[in-house]
>>> print(open('coords24.txt').read())   # compact mmCIF, C-alpha atoms
# COMPACT_ATOMS: atom_id res chain seq x y z
CA MET A 1 101.92 59.38 129.70
CA ASP A 2 98.91 61.64 130.17
CA ILE A 3 97.96 63.39 126.91
CA ARG A 4 95.66 66.40 127.19
CA PRO A 5 94.38 69.05 124.78
CA LEU A 6 96.31 72.28 125.25
CA ASP A 7 94.32 75.27 126.51
CA PRO A 8 96.04 78.18 124.70
CA SER A 9 94.20 80.69 126.91
CA ASP A 10 96.19 79.36 129.89
CA ALA A 11 99.27 81.61 129.68
CA ASP A 12 101.53 79.33 131.73
CA ALA A 13 100.53 76.19 129.84
CA MET A 14 100.90 77.95 126.49
CA LEU A 15 104.37 79.24 127.40
CA ALA A 16 105.52 75.81 128.57
CA TRP A 17 104.15 74.18 125.41
CA HIS A 18 105.82 76.69 123.11
CA THR A 19 109.13 76.47 124.97
CA ALA A 20 109.21 72.68 124.72
CA SER A 21 108.15 72.63 121.08
CA THR A 22 110.70 75.27 120.08
CA GLU A 23 113.52 73.54 121.94
CA ALA A 24 112.75 70.34 120.05
CA HIS A 25 112.44 71.96 116.64
CA VAL A 26 115.67 73.97 116.78
CA HIS A 27 117.84 71.21 118.26
CA GLY A 28 120.78 70.28 116.05
CA LEU A 29 119.94 72.74 113.25
CA GLU A 30 122.11 75.62 112.09
CA HIS A 31 119.33 77.73 110.60
CA PRO A 32 116.16 77.22 112.63
CA SER A 33 113.34 79.72 112.26
CA PRO A 34 110.62 78.75 114.75
CA ARG A 35 107.35 80.58 115.15
CA THR A 36 107.11 83.04 117.98
CA LEU A 37 104.90 82.49 121.02
CA GLU A 38 102.49 85.18 119.82
CA GLU A 39 102.14 83.61 116.38
CA THR A 40 101.59 80.15 117.81
CA ARG A 41 98.97 81.35 120.28
CA ALA A 42 97.06 83.13 117.52
CA ASP A 43 97.11 79.98 115.38
CA PHE A 44 95.69 77.94 118.26
CA THR A 45 93.00 80.39 119.37
CA SER A 46 91.63 81.53 116.02
CA SER A 47 88.45 80.06 114.59
CA ARG A 48 89.23 79.67 110.91
CA VAL A 49 87.07 78.99 107.89
CA GLY A 50 89.65 76.93 106.04
CA SER A 51 91.41 74.83 108.66
CA ARG A 52 91.42 73.72 112.28
CA THR A 53 94.49 73.22 114.47
CA GLN A 54 94.35 70.99 117.56
CA PRO A 55 97.34 71.13 119.96
CA PHE A 56 98.09 68.50 122.62
CA ALA A 57 100.54 68.17 125.49
CA GLY A 58 101.99 64.98 126.97
CA TYR A 59 102.84 64.82 130.68
CA VAL A 60 104.72 62.35 132.86
CA ASP A 61 104.38 62.94 136.60
CA GLY A 62 103.09 66.42 135.83
CA ARG A 63 106.12 67.27 133.66
CA LEU A 64 105.60 68.33 130.04
CA VAL A 65 107.62 65.87 127.95
CA THR A 66 106.24 66.15 124.43
CA THR A 67 103.92 68.26 122.26
CA GLY A 68 101.67 67.39 119.35
CA VAL A 69 99.55 69.14 116.74
CA VAL A 70 96.94 67.95 114.25
CA GLU A 71 95.98 70.35 111.46
CA LEU A 72 92.91 69.63 109.35
CA SER A 73 91.76 71.37 106.18
CA LEU A 74 88.01 72.03 106.31
CA LEU A 75 87.20 73.01 102.70
CA ASP A 76 89.32 70.63 100.61
CA ASN A 77 91.65 67.63 100.91
CA LEU A 78 89.26 66.19 103.47
CA THR A 79 90.96 62.79 103.69
CA GLN A 80 94.29 64.29 104.77
CA ALA A 81 95.82 65.62 107.98
CA HIS A 82 99.12 67.20 108.95
CA VAL A 83 100.67 66.03 112.21
CA ASP A 84 103.65 67.28 114.19
CA VAL A 85 105.36 65.84 117.28
CA ALA A 86 108.10 67.65 119.18
CA THR A 87 110.03 66.24 122.14
CA PRO A 88 112.81 68.23 123.87
CA PRO A 89 116.20 66.48 123.71
CA ALA A 90 116.28 65.78 127.45
CA GLU A 91 113.01 63.84 127.21
CA ARG A 92 113.85 61.65 124.23
CA GLN A 93 114.46 57.89 124.08
CA HIS A 94 111.51 57.14 126.37
CA GLY A 95 108.80 56.53 123.76
CA HIS A 96 106.96 59.78 124.47
CA ALA A 97 106.96 60.93 120.84
CA ALA A 98 105.72 57.58 119.57
CA ARG A 99 102.84 57.58 122.04
CA MET A 100 101.92 61.13 121.10
CA LEU A 101 101.96 60.21 117.41
CA VAL A 102 99.57 57.31 118.08
CA HIS A 103 97.24 59.78 119.80
CA LEU A 104 97.42 62.25 116.91
CA THR A 105 96.75 59.45 114.45
CA GLU A 106 93.58 58.48 116.27
CA VAL A 107 92.42 62.11 116.40
CA ALA A 108 92.93 62.38 112.64
CA ARG A 109 91.25 59.02 111.98
CA ALA A 110 88.22 60.07 114.04
CA GLN A 111 87.85 63.05 111.68
CA GLY A 112 87.76 60.76 108.64
CA ARG A 113 91.39 61.31 107.62
CA ASP A 114 93.35 58.36 106.27
CA VAL A 115 96.49 60.11 104.93
CA LEU A 116 98.95 61.70 107.34
CA HIS A 117 101.59 64.26 106.37
CA ALA A 118 104.56 65.17 108.55
CA GLU A 119 107.81 67.08 108.16
CA ALA A 120 111.32 66.60 109.50
CA SER A 121 114.35 68.86 109.15
CA TRP A 122 118.07 68.10 109.11
CA ARG A 123 121.33 69.89 108.48
CA TYR A 124 122.32 70.56 104.89
CA ASP A 125 125.59 68.66 105.30
CA ALA A 126 123.73 65.50 106.41
CA PRO A 127 122.67 62.84 103.88
CA ALA A 128 120.27 64.38 101.39
CA ASP A 129 117.51 61.90 102.27
CA GLY A 130 117.90 62.46 106.01
CA ALA A 131 119.23 58.96 106.63
CA ASN A 132 120.54 58.51 110.17
CA THR A 133 119.22 61.89 111.29
CA PRO A 134 116.95 61.65 114.37
CA ASN A 135 113.93 63.55 113.06
CA ALA A 136 113.71 61.64 109.78
CA GLU A 137 114.52 58.27 111.36
CA PHE A 138 111.73 58.73 113.91
CA LEU A 139 109.09 59.19 111.21
CA VAL A 140 110.38 56.25 109.18
CA ALA A 141 110.25 54.06 112.30
CA GLN A 142 106.60 55.06 112.75
CA GLY A 143 105.65 53.93 109.25
CA PHE A 144 106.06 57.17 107.28
CA ARG A 145 107.73 57.28 103.86
CA LEU A 146 109.90 60.09 102.59
CA SER A 147 107.99 61.66 99.72
CA LEU A 148 109.81 64.87 98.82
CA VAL A 149 112.93 66.76 99.94
CA ASP A 150 112.84 70.55 100.22
CA VAL A 151 115.84 72.83 100.63
CA LYS A 152 115.67 75.82 102.93
CA ARG A 153 117.65 78.78 101.63
CA VAL A 154 118.62 82.05 103.27
CA LEU A 155 119.12 85.47 101.68
CA PRO A 156 121.03 88.13 103.65
CA LEU A 157 119.22 91.46 103.61
CA PRO A 158 119.24 94.03 102.22
CA VAL A 159 119.89 92.91 98.65
CA ASP A 160 121.93 95.46 96.70
CA THR A 161 119.82 97.74 94.54
CA PRO A 162 122.05 97.33 91.44
CA LEU A 163 121.47 93.56 91.54
CA LEU A 164 117.70 94.01 91.74
CA ASP A 165 117.81 96.62 88.97
CA GLY A 166 119.76 94.28 86.72
CA LEU A 167 117.47 91.30 87.29
CA ALA A 168 114.36 93.43 86.72
CA ALA A 169 115.79 94.91 83.52
CA GLU A 170 116.76 91.49 82.20
CA ALA A 171 113.26 90.11 82.80
CA ALA A 172 111.30 93.16 81.58
CA PRO A 173 111.30 92.44 77.80
CA TYR A 174 109.73 89.03 78.41
CA HIS A 175 106.62 90.34 80.20
CA ALA A 176 105.86 93.59 78.42
CA ASP A 177 102.23 92.55 77.93
CA TYR A 178 101.68 91.94 81.65
CA GLY A 179 101.07 94.35 84.50
CA LEU A 180 102.77 94.23 87.90
CA ARG A 181 101.03 95.39 91.07
CA SER A 182 102.25 95.33 94.67
CA TRP A 183 100.59 95.95 98.02
CA GLN A 184 101.07 95.53 101.74
CA GLY A 185 98.36 93.89 103.83
CA PRO A 186 94.90 92.76 102.66
CA VAL A 187 94.21 91.70 99.08
CA PRO A 188 92.48 94.49 97.11
CA GLU A 189 88.81 93.77 96.52
CA ASP A 190 89.00 94.12 92.75
CA VAL A 191 91.40 91.15 92.36
CA ILE A 192 90.46 88.97 95.34
CA ASP A 193 88.55 86.31 93.38
CA SER A 194 91.19 85.93 90.66
CA PHE A 195 93.97 86.01 93.24
CA GLY A 196 92.29 83.32 95.34
CA ALA A 197 91.83 81.05 92.33
CA LEU A 198 95.56 81.31 91.63
CA VAL A 199 96.70 80.75 95.23
CA GLY A 200 94.50 77.68 95.50
CA GLN A 201 96.51 76.01 92.72
CA LEU A 202 99.87 76.33 94.47
CA ILE A 203 99.47 72.99 96.22
CA THR A 204 98.84 71.16 92.92
CA GLU A 205 101.26 73.10 90.70
CA ALA A 206 104.25 72.86 93.08
CA PRO A 207 106.37 69.70 92.74
CA ALA A 208 104.79 66.77 94.53
CA GLY A 209 106.45 63.66 95.82
CA GLU A 210 105.53 60.02 95.84
CA ASP A 211 102.26 59.29 97.67
CA GLN A 212 101.29 62.98 97.66
CA ASP A 213 97.91 63.45 96.03
CA PHE A 214 96.45 66.89 96.68
CA GLU A 215 93.45 68.66 95.22
CA ALA A 216 93.34 72.41 94.63
CA GLU A 217 92.63 74.41 97.78
CA VAL A 218 89.61 76.66 98.20
CA PHE A 219 90.68 80.27 98.67
CA ASP A 220 87.50 82.21 98.11
CA ALA A 221 87.03 85.76 99.39
CA ALA A 222 85.60 84.57 102.71
CA ARG A 223 88.62 82.40 103.44
CA ILE A 224 91.12 85.04 102.36
CA ARG A 225 89.54 87.66 104.62
CA ASP A 226 89.41 85.15 107.46
CA ASP A 227 93.10 84.32 107.03
CA GLU A 228 93.91 88.03 107.01
CA LYS A 229 92.32 88.35 110.45
CA LEU A 230 94.64 85.61 111.69
CA LEU A 231 97.63 87.44 110.21
CA GLU A 232 96.64 90.55 112.14
CA GLU A 233 96.13 88.62 115.38
CA SER A 234 99.51 86.92 115.06
CA GLY A 235 101.39 90.12 114.20
CA ARG A 236 102.29 89.10 110.66
CA THR A 237 102.35 91.55 107.76
CA LYS A 238 102.13 90.26 104.19
CA TYR A 239 103.80 91.85 101.17
CA THR A 240 102.36 90.73 97.82
CA THR A 241 103.16 91.32 94.16
CA ILE A 242 100.99 90.00 91.34
CA ALA A 243 101.22 89.87 87.56
CA THR A 244 98.06 90.38 85.55
CA ALA A 245 97.24 89.47 81.97
CA THR A 246 95.68 91.95 79.54
CA ASP A 247 92.18 90.92 80.66
CA GLY A 248 93.02 91.65 84.31
CA THR A 249 93.32 88.00 85.39
CA VAL A 250 95.94 87.36 88.07
CA VAL A 251 98.39 84.90 86.52
CA ALA A 252 101.38 85.07 88.89
CA TYR A 253 102.11 86.11 92.44
CA SER A 254 104.76 86.19 95.14
CA GLU A 255 104.27 86.75 98.88
CA ILE A 256 106.56 87.55 101.81
CA GLY A 257 105.49 87.26 105.45
CA VAL A 258 106.96 89.58 108.08
CA PRO A 259 106.59 88.65 111.79
CA ALA A 260 106.24 91.64 114.10
CA HIS A 261 107.48 89.64 117.08
CA ASP A 262 110.73 88.62 115.38
CA PRO A 263 112.63 91.74 114.31
CA GLN A 264 115.26 90.02 112.16
CA GLN A 265 113.66 87.34 109.99
CA VAL A 266 111.19 87.41 107.11
CA PHE A 267 109.76 84.51 105.13
CA GLN A 268 109.15 83.91 101.45
CA TRP A 269 105.72 82.35 101.18
CA GLY A 270 104.07 81.28 97.93
CA THR A 271 105.32 82.08 94.43
CA LEU A 272 103.45 80.70 91.43
CA VAL A 273 103.03 81.38 87.72
CA LEU A 274 100.14 79.70 85.92
CA PRO A 275 101.47 77.08 83.45
CA GLU A 276 100.06 78.82 80.39
CA HIS A 277 101.86 82.05 81.34
CA ARG A 278 105.29 80.63 82.06
CA GLY A 279 108.33 81.62 80.01
CA HIS A 280 107.78 85.35 80.57
CA ARG A 281 110.09 85.73 83.60
CA LEU A 282 107.07 86.50 85.79
CA GLY A 283 108.51 84.55 88.70
CA MET A 284 111.61 86.73 88.73
CA ALA A 285 109.62 89.90 88.07
CA THR A 286 107.19 89.40 90.95
CA LYS A 287 109.95 88.32 93.36
CA VAL A 288 112.14 91.32 92.59
CA ALA A 289 109.27 93.81 92.84
CA ASN A 290 108.09 92.28 96.11
CA LEU A 291 111.59 92.30 97.56
CA ARG A 292 111.96 95.98 96.70
CA ARG A 293 108.69 96.73 98.49
CA LEU A 294 109.79 94.71 101.51
CA GLN A 295 113.14 96.47 101.82
CA ASP A 296 111.47 99.87 101.55
CA GLY A 297 108.89 99.00 104.20
CA GLU A 298 110.98 96.90 106.58
CA PRO A 299 114.48 98.37 106.92
CA GLY A 300 116.71 96.56 109.38
CA ARG A 301 115.54 93.04 108.58
CA GLU A 302 118.55 90.73 108.31
CA ARG A 303 117.52 87.61 106.41
CA LEU A 304 114.83 86.12 104.22
CA TYR A 305 114.11 82.38 104.25
CA THR A 306 112.56 80.32 101.46
CA TRP A 307 111.85 76.64 100.83
CA ASN A 308 111.89 74.87 97.46
CA ALA A 309 111.53 71.27 96.43
CA GLU A 310 115.01 70.04 95.55
CA VAL A 311 113.71 69.07 92.10
CA ASN A 312 112.28 72.54 91.37
CA ARG A 313 115.26 73.68 89.32
CA HIS A 314 113.56 76.70 87.74
CA MET A 315 112.59 78.40 91.01
CA ILE A 316 115.91 77.45 92.58
CA ALA A 317 117.69 79.22 89.70
CA VAL A 318 115.59 82.33 90.33
CA ASN A 319 116.42 82.25 94.04
CA GLU A 320 120.12 81.68 93.47
CA ALA A 321 120.23 84.64 91.08
CA LEU A 322 118.84 86.75 93.92
CA GLY A 323 121.57 85.47 96.23
CA PHE A 324 119.85 82.75 98.28
CA VAL A 325 122.21 80.12 99.74
CA ALA A 326 121.25 76.57 100.77
CA ALA A 327 121.10 76.24 104.56
CA GLN A 328 119.04 73.19 105.58
CA ARG A 329 116.85 70.37 104.27
CA MET A 330 113.33 69.40 105.15
CA GLY A 331 111.65 66.14 104.23
CA GLU A 332 107.94 65.78 103.52
CA PHE A 333 106.74 62.39 104.79
CA VAL A 334 103.49 60.56 104.15
CA LYS A 335 101.70 57.69 105.89
CA ARG A 336 98.52 56.04 104.60
CA LEU A 337 96.40 54.53 107.35
>>> encode(input="coords24.txt", output="structure tokens")
Amino acid sequence: MDIRPLDPSDADAMLAWHTASTEAHVHGLEHPSPRTLEETRADFTSSRVGSRTQPFAGYVDGRLVTTGVVELSLLDNLTQAHVDVATPPAERQHGHAARMLVHLTEVARAQGRDVLHAEASWRYDAPADGANTPNAEFLVAQGFRLSLVDVKRVLPLPVDTPLLDGLAAEAAPYHADYGLRSWQGPVPEDVIDSFGALVGQLITEAPAGEDQDFEAEVFDAARIRDDEKLLEESGRTKYTTIATATDGTVVAYSEIGVPAHDPQQVFQWGTLVLPEHRGHRLGMATKVANLRRLQDGEPGRERLYTWNAEVNRHMIAVNEALGFVAAQRMGEFVKRL
């Protein structure tokens, strides 16, 4: 197999790569939500402050048979890399994915990375640990260990206003000393530093599995503004709600991403409350306020997807109160080189 770096400026090559990758990622799943071609191209062509993405394509006799991606953080977690391999069903059982994974491993190793992270998805009615599902079994066969299981949930939109009113009213007495603020698009300048400090802790405050050892991410103003350029290039709009303490510090947030090139779906991104400010229903408050803003600004959207670690009972309870229903599982896998 001939493995080459993908040139995302080559429209035909980019389309073929995205088609093959999408076909692989949606196969056998009831609730897939792949990235659009426009989003993927923007990810591959942008020059980012915080991370670098390197896509590859594998060919046999000139035929694209598998795709691969290495993503590297450039400001933190410098011993780690995220890898992804996708092989269309018709091209499987020939060792293409395994050879691509070897290539991605060597690319990561050459950049000083000795911990690989990968993800695999399976149907919700399959075994909870992904046993005997092709995506999970492939990673296990290549030396990865299952570290954490996430559940993907779906919320039909729009959510009824009386439900949102009731949840907001129930939470309100618990956070009377906090302020709520919502916006669409870029982070306001007056809260960008405090907001970035909070967002950077999501990776360490979220439940972590065995063999996962992350450090807080760097989200300074330069990185946030850089990421906002990528959002614009990819056609994504971000809705954000924060909670602030009496001194103005951002202590909780919730974000939703809206893809312009997919008119039906929206995605719940990060939600986090600082540990010392938990118990005030700020998770529910920010989610409800953000969902209201989304539904006002994006009428016609049909569903909102979210992911939670299966052990994160508190956030799952919040999501279930909003009406989210379990739809799929995703395993986080780790391999130490």
>>> closest_residue(input="coords24.txt", among="A:Ile192, A:Val258, A:Ala128, A:Val159", to="Ser234 in chain A", atoms="only C-alpha atoms")
A:Val258
>>> residues_around(input="coords24.txt", residues="Ala16 in chain A", least_positions_apart="6", cutoff="10 Å", atoms="only C-alpha atoms", output="list in words")
Thr22, Ala57, Arg63, Leu64 and Thr67 of chain A
>>> closest_residue(input="coords24.txt", among="A:Gly279, A:Gly300, A:Gly235, A:Gly166", to="Asp43 in chain A", atoms="all atoms listed in the file")
A:Gly235
>>> atom_distance(input="coords24.txt", atom1="CA of Arg329 in chain A", atom2="CA of Thr66 in chain A")
23.2 Å
>>> atom_distance(input="coords24.txt", atom1="CA of Val151 in chain A", atom2="CA of Ala317 in chain A")
12.8 Å
>>> atom_distance(input="coords24.txt", atom1="CA of Ala216 in chain A", atom2="CA of Asn319 in chain A")
25.1 Å
>>> closest_residue(input="coords24.txt", among="A:Arg303, A:His280, A:Arg293, A:Lys238", to="Tyr178 in chain A", atoms="only C-alpha atoms")
A:His280
>>> residues_near_point(input="coords24.txt", point="(111.8, 95.0, 95.8)", cutoff="10 Å", atoms="all atoms listed in the file", output="list in words")
Pro158, Val159, Thr161, Leu164, Asp165, Ala168, Ser182, Thr241, Ala285, Thr286, Lys287, Val288, Ala289, Asn290, Leu291, Arg292, Arg293, Leu294, Gln295, Asp296 and Gly297 of chain A
>>> closest_residue(input="coords24.txt", among="A:Leu180, A:Arg236, A:Glu39, A:Val334", to="Gly283 in chain A", atoms="all atoms listed in the file")
A:Leu180
>>> residues_around(input="coords24.txt", residues="Val191 in chain A", least_positions_apart="4", cutoff="9 Å", atoms="all atoms listed in the file", output="PyMOL selection string")
chain A and resi 187+195-196+248-250
>>> residues_around(input="coords24.txt", residues="range 96-105 of chain A", least_positions_apart="5", cutoff="8 Å", atoms="all atoms listed in the file", output="VMD selection string")
chain A and resid 1 3 58 65 to 70 83 to 87 91 116 142
>>> closest_residue(input="coords24.txt", among="A:Thr36, A:Gly143, A:Ala197, A:Met14", to="Ala260 in chain A", atoms="all atoms listed in the file")
A:Thr36
>>> axis_aligned_box(input="coords24.txt", around="range 116-126 of chain A", padding_each_side="6 Å", output="AutoDock Vina command-line options")
--center_x 112.3 --center_y 66.1 --center_z 107.2 --size_x 38.6 --size_y 20.9 --size_z 16.6
>>> closest_atom_pairs(input="coords24.txt", of="range 16-98 of chain A", to="range 7-12 of chain A", cutoff="9 Å", atoms="all atoms listed in the file", output="JSON lines")
{"residue": "A:Ala16", "atom": "CA", "partner": "A:Asp12", "partner_atom": "CA", "distance": 6.2}
{"residue": "A:Trp17", "atom": "CA", "partner": "A:Asp12", "partner_atom": "CA", "distance": 8.6}
{"residue": "A:Arg41", "atom": "CA", "partner": "A:Pro8", "partner_atom": "CA", "distance": 6.2}
{"residue": "A:Ala42", "atom": "CA", "partner": "A:Pro8", "partner_atom": "CA", "distance": 8.8}
{"residue": "A:Phe44", "atom": "CA", "partner": "A:Pro8", "partner_atom": "CA", "distance": 6.5}
{"residue": "A:Thr45", "atom": "CA", "partner": "A:Pro8", "partner_atom": "CA", "distance": 6.5}
{"residue": "A:Pro55", "atom": "CA", "partner": "A:Asp7", "partner_atom": "CA", "distance": 8.3}
{"residue": "A:Phe56", "atom": "CA", "partner": "A:Asp7", "partner_atom": "CA", "distance": 8.7}
>>> residues_around(input="coords24.txt", residues="Glu71 in chain A", least_positions_apart="2", cutoff="8 Å", atoms="only C-alpha atoms", output="list of chain:residue names")
A:Ser51, A:Arg52, A:Thr53, A:Gln54, A:Val69, A:Ser73, A:Ala81, A:His82, A:Val83
